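*Asks:* Quick one, start17.pdb (PDB, C-alpha atoms, pLDDT in the B column):
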```
ATOM      1  CA  MET D   1      67.963 333.196 -50.970  1.00 77.00           C
ATOM      2  CA  PHE D   2      65.985 335.386 -48.573  1.00 82.00           C
ATOM      3  CA  ARG D   3      64.034 332.319 -47.403  1.00 85.00           C
ATOM      4  CA  ASN D   4      67.267 330.535 -46.695  1.00 86.00           C
ATOM      5  CA  VAL D   5      68.472 333.376 -44.448  1.00 84.00           C
ATOM      6  CA  VAL D   6      65.152 333.542 -42.586  1.00 85.00           C
ATOM      7  CA  ARG D   7      65.148 329.771 -42.091  1.00 85.00           C
ATOM      8  CA  GLN D   8      68.735 329.859 -40.754  1.00 81.00           C
ATOM      9  CA  LEU D   9      67.836 332.661 -38.300  1.00 77.00           C
ATOM     10  CA  LYS D  10      64.824 330.698 -36.992  1.00 80.00           C
ATOM     11  CA  GLU D  11      66.964 327.606 -36.449  1.00 78.00           C
ATOM     12  CA  PHE D  12      69.619 329.707 -34.710  1.00 72.00           C
ATOM     13  CA  ARG D  13      67.034 331.192 -32.317  1.00 74.00           C
ATOM     14  CA  ARG D  14      65.700 327.764 -31.376  1.00 74.00           C
ATOM     15  CA  ASP D  15      69.132 326.252 -30.792  1.00 72.00           C
ATOM     16  CA  GLN D  16      70.062 326.328 -27.044  1.00 72.00           C
ATOM     17  CA  HIS D  17      73.569 324.819 -27.329  1.00 72.00           C
ATOM     18  CA  GLY D  18      76.162 327.093 -25.671  1.00 71.00           C
ATOM     19  CA  ALA D  19      73.673 329.272 -23.765  1.00 74.00           C
ATOM     20  CA  VAL D  20      75.047 328.149 -20.389  1.00 76.00           C
ATOM     21  CA  LEU D  21      78.577 328.863 -21.556  1.00 78.00           C
ATOM     22  CA  VAL D  22      77.644 332.426 -22.471  1.00 80.00           C
ATOM     23  CA  GLU D  23      75.903 332.977 -19.130  1.00 84.00           C
ATOM     24  CA  MET D  24      78.869 331.545 -17.227  1.00 87.00           C
ATOM     25  CA  THR D  25      81.254 333.772 -19.173  1.00 88.00           C
ATOM     26  CA  LEU D  26      79.259 336.812 -18.087  1.00 89.00           C
ATOM     27  CA  VAL D  27      78.770 335.823 -14.442  1.00 91.00           C
ATOM     28  CA  ALA D  28      82.119 334.153 -13.529  1.00 92.00           C
ATOM     29  CA  PRO D  29      84.320 337.290 -13.462  1.00 91.00           C
ATOM     30  CA  LEU D  30      81.834 339.091 -11.231  1.00 91.00           C
ATOM     31  CA  MET D  31      81.608 336.139  -8.838  1.00 92.00           C
ATOM     32  CA  LEU D  32      85.401 335.808  -8.672  1.00 89.00           C
ATOM     33  CA  LEU D  33      85.735 339.526  -7.959  1.00 85.00           C
ATOM     34  CA  LEU D  34      83.140 339.368  -5.172  1.00 87.00           C
ATOM     35  CA  SER D  35      84.757 336.256  -3.663  1.00 88.00           C
ATOM     36  CA  ALA D  36      88.187 337.894  -3.653  1.00 84.00           C
ATOM     37  CA  GLY D  37      86.686 340.997  -2.011  1.00 84.00           C
ATOM     38  CA  VAL D  38      85.111 338.913   0.753  1.00 88.00           C
ATOM     39  CA  PHE D  39      88.437 337.148   1.320  1.00 88.00           C
ATOM     40  CA  GLU D  40      90.299 340.481   1.503  1.00 86.00           C
ATOM     41  CA  PHE D  41      87.760 341.961   3.916  1.00 88.00           C
ATOM     42  CA  GLY D  42      88.019 338.846   6.112  1.00 90.00           C
ATOM     43  CA  ASN D  43      91.811 339.232   6.267  1.00 89.00           C
ATOM     44  CA  LEU D  44      91.453 342.908   7.158  1.00 89.00           C
ATOM     45  CA  ILE D  45      89.039 342.185  10.018  1.00 94.00           C
ATOM     46  CA  HIS D  46      91.232 339.308  11.254  1.00 94.00           C
ATOM     47  CA  ASP D  47      94.308 341.560  11.424  1.00 93.00           C
ATOM     48  CA  LYS D  48      92.294 344.288  13.172  1.00 95.00           C
ATOM     49  CA  LEU D  49      91.112 341.810  15.817  1.00 96.00           C
ATOM     50  CA  LEU D  50      94.664 340.546  16.389  1.00 95.00           C
ATOM     51  CA  VAL D  51      95.936 344.116  16.840  1.00 96.00           C
ATOM     52  CA  GLU D  52      93.145 344.913  19.302  1.00 96.00           C
ATOM     53  CA  ALA D  53      93.781 341.688  21.246  1.00 96.00           C
ATOM     54  CA  GLY D  54      97.465 342.595  21.533  1.00 96.00           C
ATOM     55  CA  LEU D  55      96.673 346.097  22.765  1.00 97.00           C
ATOM     56  CA  THR D  56      94.209 344.717  25.316  1.00 96.00           C
ATOM     57  CA  ASP D  57      96.817 342.252  26.614  1.00 95.00           C
ATOM     58  CA  ALA D  58      99.431 345.023  26.811  1.00 95.00           C
ATOM     59  CA  ALA D  59      97.155 347.357  28.775  1.00 93.00           C
ATOM     60  CA  ARG D  60      96.181 344.580  31.183  1.00 93.00           C
ATOM     61  CA  PHE D  61      99.804 343.705  31.808  1.00 92.00           C
ATOM     62  CA  GLY D  62     100.756 347.363  32.235  1.00 89.00           C
ATOM     63  CA  ALA D  63      97.938 347.879  34.728  1.00 88.00           C
ATOM     64  CA  ARG D  64      99.239 345.099  36.937  1.00 87.00           C
ATOM     65  CA  CYS D  65     102.982 345.572  36.493  1.00 83.00           C
ATOM     66  CA  ASN D  66     104.591 347.537  39.296  1.00 72.00           C
ATOM     67  CA  SER D  67     107.825 349.029  37.989  1.00 60.00           C
ATOM     68  CA  GLN D  68     108.525 350.730  41.320  1.00 57.00           C
ATOM     69  CA  LEU D  69     108.555 347.351  43.029  1.00 56.00           C
ATOM     70  CA  TYR D  70     110.940 346.002  40.401  1.00 53.00           C
ATOM     71  CA  THR D  71     113.122 349.125  40.707  1.00 52.00           C
ATOM     72  CA  ASP D  72     113.383 348.436  44.451  1.00 53.00           C
ATOM     73  CA  TYR D  73     114.452 344.900  43.593  1.00 54.00           C
ATOM     74  CA  ALA D  74     117.098 346.345  41.277  1.00 54.00           C
ATOM     75  CA  THR D  75     118.691 348.215  44.163  1.00 59.00           C
ATOM     76  CA  ALA D  76     118.833 344.878  45.993  1.00 56.00           C
ATOM     77  CA  GLY D  77     120.845 343.356  43.158  1.00 56.00           C
ATOM     78  CA  PHE D  78     118.097 342.019  40.895  1.00 58.00           C
ATOM     79  CA  SER D  79     117.708 343.318  37.357  1.00 63.00           C
ATOM     80  CA  ALA D  80     115.207 346.161  36.841  1.00 65.00           C
ATOM     81  CA  ILE D  81     112.454 345.813  34.266  1.00 75.00           C
ATOM     82  CA  ASP D  82     110.651 348.301  32.104  1.00 81.00           C
ATOM     83  CA  CYS D  83     106.914 347.587  32.347  1.00 85.00           C
ATOM     84  CA  ALA D  84     106.057 349.671  29.274  1.00 88.00           C
ATOM     85  CA  ASP D  85     108.638 347.838  27.155  1.00 89.00           C
ATOM     86  CA  MET D  86     107.382 344.465  28.344  1.00 90.00           C
ATOM     87  CA  ALA D  87     103.799 345.542  27.590  1.00 92.00           C
ATOM     88  CA  ARG D  88     104.836 346.516  24.029  1.00 94.00           C
ATOM     89  CA  ASN D  89     106.422 343.063  23.648  1.00 92.00           C
ATOM     90  CA  ILE D  90     103.169 341.470  24.802  1.00 93.00           C
ATOM     91  CA  ALA D  91     101.157 343.560  22.350  1.00 94.00           C
ATOM     92  CA  VAL D  92     103.267 342.694  19.324  1.00 94.00           C
ATOM     93  CA  TYR D  93     104.723 339.256  20.097  1.00 93.00           C
ATOM     94  CA  GLY D  94     102.343 337.861  22.715  1.00 89.00           C
ATOM     95  CA  THR D  95     105.117 337.346  25.251  1.00 89.00           C
ATOM     96  CA  ALA D  96     106.864 339.611  27.759  1.00 84.00           C
ATOM     97  CA  SER D  97     110.372 338.527  26.826  1.00 81.00           C
ATOM     98  CA  VAL D  98     111.643 338.372  23.271  1.00 80.00           C
ATOM     99  CA  THR D  99     114.565 336.385  21.922  1.00 80.00           C
ATOM    100  CA  VAL D 100     117.039 338.460  19.910  1.00 78.00           C
ATOM    101  CA  VAL D 101     119.651 336.685  17.775  1.00 80.00           C
ATOM    102  CA  SER D 102     122.142 338.735  15.748  1.00 80.00           C
ATOM    103  CA  GLY D 103     120.070 341.887  16.212  1.00 75.00           C
ATOM    104  CA  LYS D 104     116.853 340.265  14.911  1.00 79.00           C
ATOM    105  CA  VAL D 105     113.844 339.256  16.961  1.00 77.00           C
ATOM    106  CA  THR D 106     113.148 335.542  16.529  1.00 81.00           C
ATOM    107  CA  ASN D 107     109.599 335.622  17.933  1.00 85.00           C
ATOM    108  CA  PRO D 108     106.974 335.993  15.202  1.00 90.00           C
ATOM    109  CA  PRO D 109     104.647 338.985  15.649  1.00 91.00           C
ATOM    110  CA  ARG D 110     100.909 338.461  16.079  1.00 91.00           C
ATOM    111  CA  VAL D 111     100.371 340.178  12.739  1.00 91.00           C
ATOM    112  CA  SER D 112     103.000 339.953  10.022  1.00 89.00           C
ATOM    113  CA  GLY D 113     104.807 343.271   9.734  1.00 88.00           C
ATOM    114  CA  TRP D 114     103.686 344.694  13.085  1.00 91.00           C
ATOM    115  CA  GLN D 115     106.568 346.184  15.094  1.00 90.00           C
ATOM    116  CA  LYS D 116     107.135 347.465  18.631  1.00 90.00           C
ATOM    117  CA  SER D 117     107.654 350.957  17.244  1.00 92.00           C
ATOM    118  CA  ASP D 118     103.976 350.941  16.180  1.00 94.00           C
ATOM    119  CA  VAL D 119     102.801 350.564  19.811  1.00 95.00           C
ATOM    120  CA  THR D 120     102.825 353.072  22.673  1.00 94.00           C
ATOM    121  CA  VAL D 121     102.065 352.127  26.258  1.00 93.00           C
ATOM    122  CA  THR D 122     101.484 354.883  28.810  1.00 89.00           C
ATOM    123  CA  ILE D 123     101.500 353.690  32.410  1.00 85.00           C
ATOM    124  CA  GLY D 124     100.214 356.094  35.050  1.00 73.00           C
ATOM    125  CA  ALA D 125     101.227 359.364  33.400  1.00 69.00           C
ATOM    126  CA  SER D 126     100.214 362.423  35.421  1.00 68.00           C
ATOM    127  CA  SER D 127      97.766 363.440  32.679  1.00 71.00           C
ATOM    128  CA  SER D 128      96.041 360.049  32.936  1.00 70.00           C
ATOM    129  CA  CYS D 129      95.290 360.332  36.662  1.00 75.00           C
ATOM    130  CA  HIS D 130      91.857 361.565  37.731  1.00 73.00           C
ATOM    131  CA  ASP D 131      90.407 362.437  41.106  1.00 75.00           C
ATOM    132  CA  ALA D 132      88.217 359.632  42.408  1.00 72.00           C
ATOM    133  CA  VAL D 133      85.861 362.116  44.055  1.00 75.00           C
ATOM    134  CA  SER D 134      85.047 365.518  42.612  1.00 75.00           C
ATOM    135  CA  GLY D 135      83.128 367.717  45.043  1.00 78.00           C
ATOM    136  CA  SER D 136      80.629 365.332  46.546  1.00 78.00           C
ATOM    137  CA  THR D 137      80.326 363.165  43.442  1.00 77.00           C
ATOM    138  CA  THR D 138      82.151 359.822  43.313  1.00 72.00           C
ATOM    139  CA  LEU D 139      83.550 359.484  39.803  1.00 68.00           C
ATOM    140  CA  TYR D 140      85.555 356.284  40.386  1.00 68.00           C
ATOM    141  CA  ARG D 141      85.288 353.713  43.134  1.00 72.00           C
ATOM    142  CA  SER D 142      88.707 353.646  44.702  1.00 70.00           C
ATOM    143  CA  VAL D 143      90.520 353.417  48.002  1.00 67.00           C
ATOM    144  CA  THR D 144      93.048 355.965  46.721  1.00 71.00           C
ATOM    145  CA  PRO D 145      92.294 359.644  46.118  1.00 73.00           C
ATOM    146  CA  GLN D 146      93.298 359.337  42.466  1.00 74.00           C
ATOM    147  CA  VAL D 147      92.666 356.747  39.777  1.00 79.00           C
ATOM    148  CA  CYS D 148      95.296 356.393  37.060  1.00 81.00           C
ATOM    149  CA  ILE D 149      94.818 354.843  33.641  1.00 85.00           C
ATOM    150  CA  VAL D 150      97.132 352.636  31.584  1.00 89.00           C
ATOM    151  CA  ARG D 151      96.698 353.188  27.849  1.00 91.00           C
ATOM    152  CA  ALA D 152      97.994 350.985  25.053  1.00 95.00           C
ATOM    153  CA  ALA D 153      97.602 352.371  21.540  1.00 96.00           C
ATOM    154  CA  GLY D 154      98.949 351.190  18.242  1.00 96.00           C
ATOM    155  CA  THR D 155      98.750 351.293  14.486  1.00 95.00           C
ATOM    156  CA  TYR D 156      99.303 348.657  11.831  1.00 94.00           C
ATOM    157  CA  PRO D 157      99.857 349.350   8.124  1.00 90.00           C
ATOM    158  CA  TYR D 158      97.624 346.764   6.432  1.00 87.00           C
ATOM    159  CA  SER D 159      99.171 345.495   3.231  1.00 81.00           C
ATOM    160  CA  GLY D 160      96.648 342.765   2.447  1.00 73.00           C
ATOM    161  CA  VAL D 161      96.582 340.436  -0.510  1.00 67.00           C
ATOM    162  CA  GLY D 162      96.217 343.066  -3.205  1.00 72.00           C
ATOM    163  CA  MET D 163      92.496 343.169  -3.908  1.00 72.00           C
ATOM    164  CA  LEU D 164      92.210 346.713  -2.583  1.00 72.00           C
ATOM    165  CA  ALA D 165      95.067 347.824  -4.834  1.00 71.00           C
ATOM    166  CA  LEU D 166      93.113 346.584  -7.857  1.00 73.00           C
ATOM    167  CA  LEU D 167      90.252 348.843  -6.827  1.00 73.00           C
ATOM    168  CA  ASP D 168      92.719 351.732  -6.433  1.00 75.00           C
ATOM    169  CA  ILE D 169      92.138 351.968  -2.683  1.00 76.00           C
ATOM    170  CA  GLY D 170      95.283 353.315  -1.012  1.00 72.00           C
ATOM    171  CA  PRO D 171      97.086 351.803   1.938  1.00 79.00           C
ATOM    172  CA  ILE D 172      94.969 351.246   5.038  1.00 86.00           C
ATOM    173  CA  THR D 173      96.302 351.908   8.514  1.00 90.00           C
ATOM    174  CA  LEU D 174      94.500 350.006  11.234  1.00 92.00           C
ATOM    175  CA  SER D 175      94.564 351.637  14.641  1.00 94.00           C
ATOM    176  CA  GLY D 176      93.286 350.751  18.059  1.00 95.00           C
ATOM    177  CA  SER D 177      93.662 351.448  21.742  1.00 94.00           C
ATOM    178  CA  HIS D 178      92.712 349.993  25.078  1.00 94.00           C
ATOM    179  CA  GLU D 179      92.627 351.506  28.554  1.00 90.00           C
ATOM    180  CA  GLU D 180      92.815 349.762  31.900  1.00 88.00           C
ATOM    181  CA  ARG D 181      92.688 351.107  35.403  1.00 84.00           C
ATOM    182  CA  LEU D 182      96.123 351.086  37.051  1.00 81.00           C
ATOM    183  CA  ILE D 183      96.246 348.655  39.947  1.00 74.00           C
ATOM    184  CA  ARG D 184      98.790 349.623  42.570  1.00 61.00           C
ATOM    185  CA  PHE D 185      99.953 347.068  45.085  1.00 53.00           C
TER     186      PHE D 185
END
```
In structure tokens, write the structure found in this file.
*Replies:*
Amino acid sequence: MFRNVVRQLKEFRRDQHGAVLVEMTLVAPLMLLLSAGVFEFGNLIHDKLLVEAGLTDAARFGARCNSQLYTDYATAGFSAIDCADMARNIAVYGTASVTVVSGKVTNPPRVSGWQKSDVTVTIGASSSCHDAVSGSTTLYRSVTPQVCIVRAAGTYPYSGVGMLALLDIGPITLSGSHEERLIRF
């Protein structure tokens, strides 16, 4: 009987049937987990880049928008515009004007779930203006004595596809900002 057991064990050791199945069973969950992580990270970076592109567009628009000029037009009978509000629209929706139907915005945001309330645009605030020349040192090249900055900043609560929740990583808030030099004309 002992010889029978030894002979069976030797045959079992030599038999290679099913070895690939065992290896695949061990490796497949790890590979799926890594693939899902790469996909999640790609989505996170994509959303971050979209948010930053929106903030860059908003700051560029705000730097070139002259609300004083449009206010002067308003006194002449034209409608006044709010440059900061239009810049927030550009950041979130990619367009200066948004269509509102029944109290809901019909334009899709650049990033799903991003809202105008998540974006702040500061155009030429007194704290953002700096002297072009300090003493005898030229800090900014300018034809005006002061240089003002337009700043667009925003946050986005990343919800993702759920891979981070499986790893017990809490909600991620993406944030960004962009500054442009205010151009007065």
*Asks:* Using only C-alpha atoms, which residues of region 144-168 of chain D come within 10 Å of region 47-50 of chain D, and what is the closest atom pair for each, with the distance in Å to one decimal? Give it as a Markdown table, sorted by chain and residue number.
*Replies:*
```
| residue | atom | partner | partner_atom | distance |
| --- | --- | --- | --- | --- |
| D:Thr155 | CA | D:Lys48 | CA | 9.6 |
| D:Tyr156 | CA | D:Lys48 | CA | 8.4 |
| D:Tyr158 | CA | D:Asp47 | CA | 7.9 |
| D:Gly160 | CA | D:Asp47 | CA | 9.4 |
```
*Asks:* Using C-alpha atoms, can you export the residues from the last selection as a PDB file, keeping the file's coordinate frame?
*Replies:*
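Output (result-v7.pdb):
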```
ATOM      1  CA  THR D 155      98.750 351.293  14.486  1.00 95.00           C
ATOM      2  CA  TYR D 156      99.303 348.657  11.831  1.00 94.00           C
ATOM      3  CA  TYR D 158      97.624 346.764   6.432  1.00 87.00           C
ATOM      4  CA  GLY D 160      96.648 342.765   2.447  1.00 73.00           C
TER       5      GLY D 160
END
```
*Asks:* Edge lengths and centre in Å to one decimal, as JSON, of the axis-aligned box that encloses all listed atoms of region 4-18 of chain D with 8 Å added on every side?
*Replies:*
```
{"center_x": 70.5, "center_y": 329.2, "center_z": -36.2, "size_x": 27.3, "size_y": 24.7, "size_z": 37.0}
```
*Asks:* Have a look at CA of Asp57 (chain D) and CA of Phe39 (chain D) and let me know their distance in Å, one decimal.
*Replies:* 27.1 Å
*Asks:* Expanded to explicit residues, what is the PyMOL selection byres ((chain D and resi 109) around 10) for this file, as a ChimeraX atom specification?
*Replies:* /D:54,89-95,105-108,110-116
*Asks:* With C-alpha atoms retained, write the just-selected residues as a PDB file, in the coordinates of the input.
*Replies:*
```
ATOM      1  CA  GLY D  54      97.465 342.595  21.533  1.00 96.00           C
ATOM      2  CA  ASN D  89     106.422 343.063  23.648  1.00 92.00           C
ATOM      3  CA  ILE D  90     103.169 341.470  24.802  1.00 93.00           C
ATOM      4  CA  ALA D  91     101.157 343.560  22.350  1.00 94.00           C
ATOM      5  CA  VAL D  92     103.267 342.694  19.324  1.00 94.00           C
ATOM      6  CA  TYR D  93     104.723 339.256  20.097  1.00 93.00           C
ATOM      7  CA  GLY D  94     102.343 337.861  22.715  1.00 89.00           C
ATOM      8  CA  THR D  95     105.117 337.346  25.251  1.00 89.00           C
ATOM      9  CA  VAL D 105     113.844 339.256  16.961  1.00 77.00           C
ATOM     10  CA  THR D 106     113.148 335.542  16.529  1.00 81.00           C
ATOM     11  CA  ASN D 107     109.599 335.622  17.933  1.00 85.00           C
ATOM     12  CA  PRO D 108     106.974 335.993  15.202  1.00 90.00           C
ATOM     13  CA  ARG D 110     100.909 338.461  16.079  1.00 91.00           C
ATOM     14  CA  VAL D 111     100.371 340.178  12.739  1.00 91.00           C
ATOM     15  CA  SER D 112     103.000 339.953  10.022  1.00 89.00           C
ATOM     16  CA  GLY D 113     104.807 343.271   9.734  1.00 88.00           C
ATOM     17  CA  TRP D 114     103.686 344.694  13.085  1.00 91.00           C
ATOM     18  CA  GLN D 115     106.568 346.184  15.094  1.00 90.00           C
ATOM     19  CA  LYS D 116     107.135 347.465  18.631  1.00 90.00           C
TER      20      LYS D 116
END
```
*Asks:* Using CA of Leu174 (chain D) and CA of Gly162 (chain D) as the two end points, give the distance in Å to one decimal.
*Replies:*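 A separation of 16.1 Å between them.
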*Asks:* Would you mind listing what lies within 10 Å of Arg64 (chain D) as a list in words, with all atoms listed in the file counted and same-chain residues fewer than 4 positions away left out?
*Replies:*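 After dropping sequence-adjacent residues, the list is Ala59, Arg60, Cys83, Ile123, Val150, Glu180, Arg181, Leu182, Ile183, Arg184 and Phe185 of chain D.
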*Asks:* Check what the PyMOL selection byres ((chain D and resi 171) around 8) selects in the file above and give those residues as a PyMOL selection string.
*Replies:* chain D and resi 157-159+169-170+172-173
*Asks:* Mind pulling up the distance from CA of Asn4 (chain D) to CA of Ala19 (chain D)?
*Replies:*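 For CA of Ala19 (chain D) relative to CA of Asn4 (chain D), the distance reads 23.8 Å.
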*Asks:* Of the candidates D:Leu21, D:Val121, D:Leu166, D:Met31, which shows the shortest atom-to-atom distance to Gly62 (chain D), using all atoms listed in the file?
*Replies:* D:Val121
*Asks:* Out of D:Asp168, D:Glu23, D:Asp118, D:Glu179, which residue has the shortest atom-to-atom distance to Cys148 (chain D) when counting all atoms listed in the file?
*Replies:*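 Ranking D:Asp168, D:Glu23, D:Asp118, D:Glu179 by distance to Cys148 (chain D), first place goes to D:Glu179.
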*Asks:* Can you pull out the residues contacting Leu55 (chain D)? Cut-off 8 Å, using all atoms listed in the file, and skip same-chain residues under 4 positions away; I want them as a PyMOL selection string.
*Replies:* chain D and resi 51+59+91+152-154+176-178
*Asks:* If you keep C-alpha atoms, can you output region 75-131 of chain D as a PDB file, in the first residue's frame?
*Replies:*
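So part16.pdb came out as:
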```
ATOM      1  CA  THR D  75     -25.403 103.917 -20.130  1.00  0.00           C
ATOM      2  CA  ALA D  76     -25.839 104.345 -23.889  1.00  0.00           C
ATOM      3  CA  GLY D  77     -28.670 101.818 -23.896  1.00  0.00           C
ATOM      4  CA  PHE D  78     -26.793  98.560 -24.466  1.00  0.00           C
ATOM      5  CA  SER D  79     -26.899  95.794 -21.879  1.00  0.00           C
ATOM      6  CA  ALA D  80     -24.034  95.702 -19.351  1.00  0.00           C
ATOM      7  CA  ILE D  81     -22.016  92.532 -18.897  1.00  0.00           C
ATOM      8  CA  ASP D  82     -20.237  91.039 -15.944  1.00  0.00           C
ATOM      9  CA  CYS D  83     -16.760  89.964 -17.078  1.00  0.00           C
ATOM     10  CA  ALA D  84     -16.160  87.773 -14.019  1.00  0.00           C
ATOM     11  CA  ASP D  85     -19.448  85.923 -14.542  1.00  0.00           C
ATOM     12  CA  MET D  86     -18.689  85.384 -18.217  1.00  0.00           C
ATOM     13  CA  ALA D  87     -15.201  84.130 -17.304  1.00  0.00           C
ATOM     14  CA  ARG D  88     -16.743  81.615 -14.854  1.00  0.00           C
ATOM     15  CA  ASN D  89     -19.046  80.434 -17.661  1.00  0.00           C
ATOM     16  CA  ILE D  90     -16.020  79.975 -19.916  1.00  0.00           C
ATOM     17  CA  ALA D  91     -14.185  78.020 -17.226  1.00  0.00           C
ATOM     18  CA  VAL D  92     -17.016  75.594 -16.550  1.00  0.00           C
ATOM     19  CA  TYR D  93     -18.949  75.407 -19.831  1.00  0.00           C
ATOM     20  CA  GLY D  94     -16.410  76.561 -22.416  1.00  0.00           C
ATOM     21  CA  THR D  95     -18.633  79.383 -23.635  1.00  0.00           C
ATOM     22  CA  ALA D  96     -19.312  82.926 -22.429  1.00  0.00           C
ATOM     23  CA  SER D  97     -23.084  82.660 -22.664  1.00  0.00           C
ATOM     24  CA  VAL D  98     -25.078  79.797 -21.214  1.00  0.00           C
ATOM     25  CA  THR D  99     -28.562  78.667 -22.157  1.00  0.00           C
ATOM     26  CA  VAL D 100     -30.925  78.329 -19.195  1.00  0.00           C
ATOM     27  CA  VAL D 101     -34.234  76.494 -19.655  1.00  0.00           C
ATOM     28  CA  SER D 102     -36.622  76.138 -16.707  1.00  0.00           C
ATOM     29  CA  GLY D 103     -33.898  77.148 -14.258  1.00  0.00           C
ATOM     30  CA  LYS D 104     -31.429  74.509 -15.528  1.00  0.00           C
ATOM     31  CA  VAL D 105     -28.328  75.129 -17.596  1.00  0.00           C
ATOM     32  CA  THR D 106     -28.514  73.180 -20.856  1.00  0.00           C
ATOM     33  CA  ASN D 107     -24.810  73.481 -21.729  1.00  0.00           C
ATOM     34  CA  PRO D 108     -22.799  70.474 -20.546  1.00  0.00           C
ATOM     35  CA  PRO D 109     -19.868  71.339 -18.261  1.00  0.00           C
ATOM     36  CA  ARG D 110     -16.312  70.499 -19.301  1.00  0.00           C
ATOM     37  CA  VAL D 111     -16.148  68.024 -16.430  1.00  0.00           C
ATOM     38  CA  SER D 112     -19.278  66.251 -15.247  1.00  0.00           C
ATOM     39  CA  GLY D 113     -20.386  67.720 -11.935  1.00  0.00           C
ATOM     40  CA  TRP D 114     -18.318  70.913 -12.136  1.00  0.00           C
ATOM     41  CA  GLN D 115     -20.345  74.038 -11.310  1.00  0.00           C
ATOM     42  CA  LYS D 116     -19.881  77.807 -11.541  1.00  0.00           C
ATOM     43  CA  SER D 117     -19.953  78.011  -7.754  1.00  0.00           C
ATOM     44  CA  ASP D 118     -16.664  76.051  -7.715  1.00  0.00           C
ATOM     45  CA  VAL D 119     -14.854  78.811  -9.668  1.00  0.00           C
ATOM     46  CA  THR D 120     -13.761  82.286  -8.566  1.00  0.00           C
ATOM     47  CA  VAL D 121     -12.475  84.909 -10.972  1.00  0.00           C
ATOM     48  CA  THR D 122     -10.818  88.034  -9.582  1.00  0.00           C
ATOM     49  CA  ILE D 123     -10.321  90.792 -12.138  1.00  0.00           C
ATOM     50  CA  GLY D 124      -8.043  93.671 -11.176  1.00  0.00           C
ATOM     51  CA  ALA D 125      -8.689  93.695  -7.431  1.00  0.00           C
ATOM     52  CA  SER D 126      -6.668  96.343  -5.593  1.00  0.00           C
ATOM     53  CA  SER D 127      -4.696  93.614  -3.802  1.00  0.00           C
ATOM     54  CA  SER D 128      -3.688  92.114  -7.159  1.00  0.00           C
ATOM     55  CA  CYS D 129      -2.128  95.318  -8.509  1.00  0.00           C
ATOM     56  CA  HIS D 130       1.631  95.780  -8.187  1.00  0.00           C
ATOM     57  CA  ASP D 131       3.905  98.700  -8.932  1.00  0.00           C
TER      58      ASP D 131
END
```
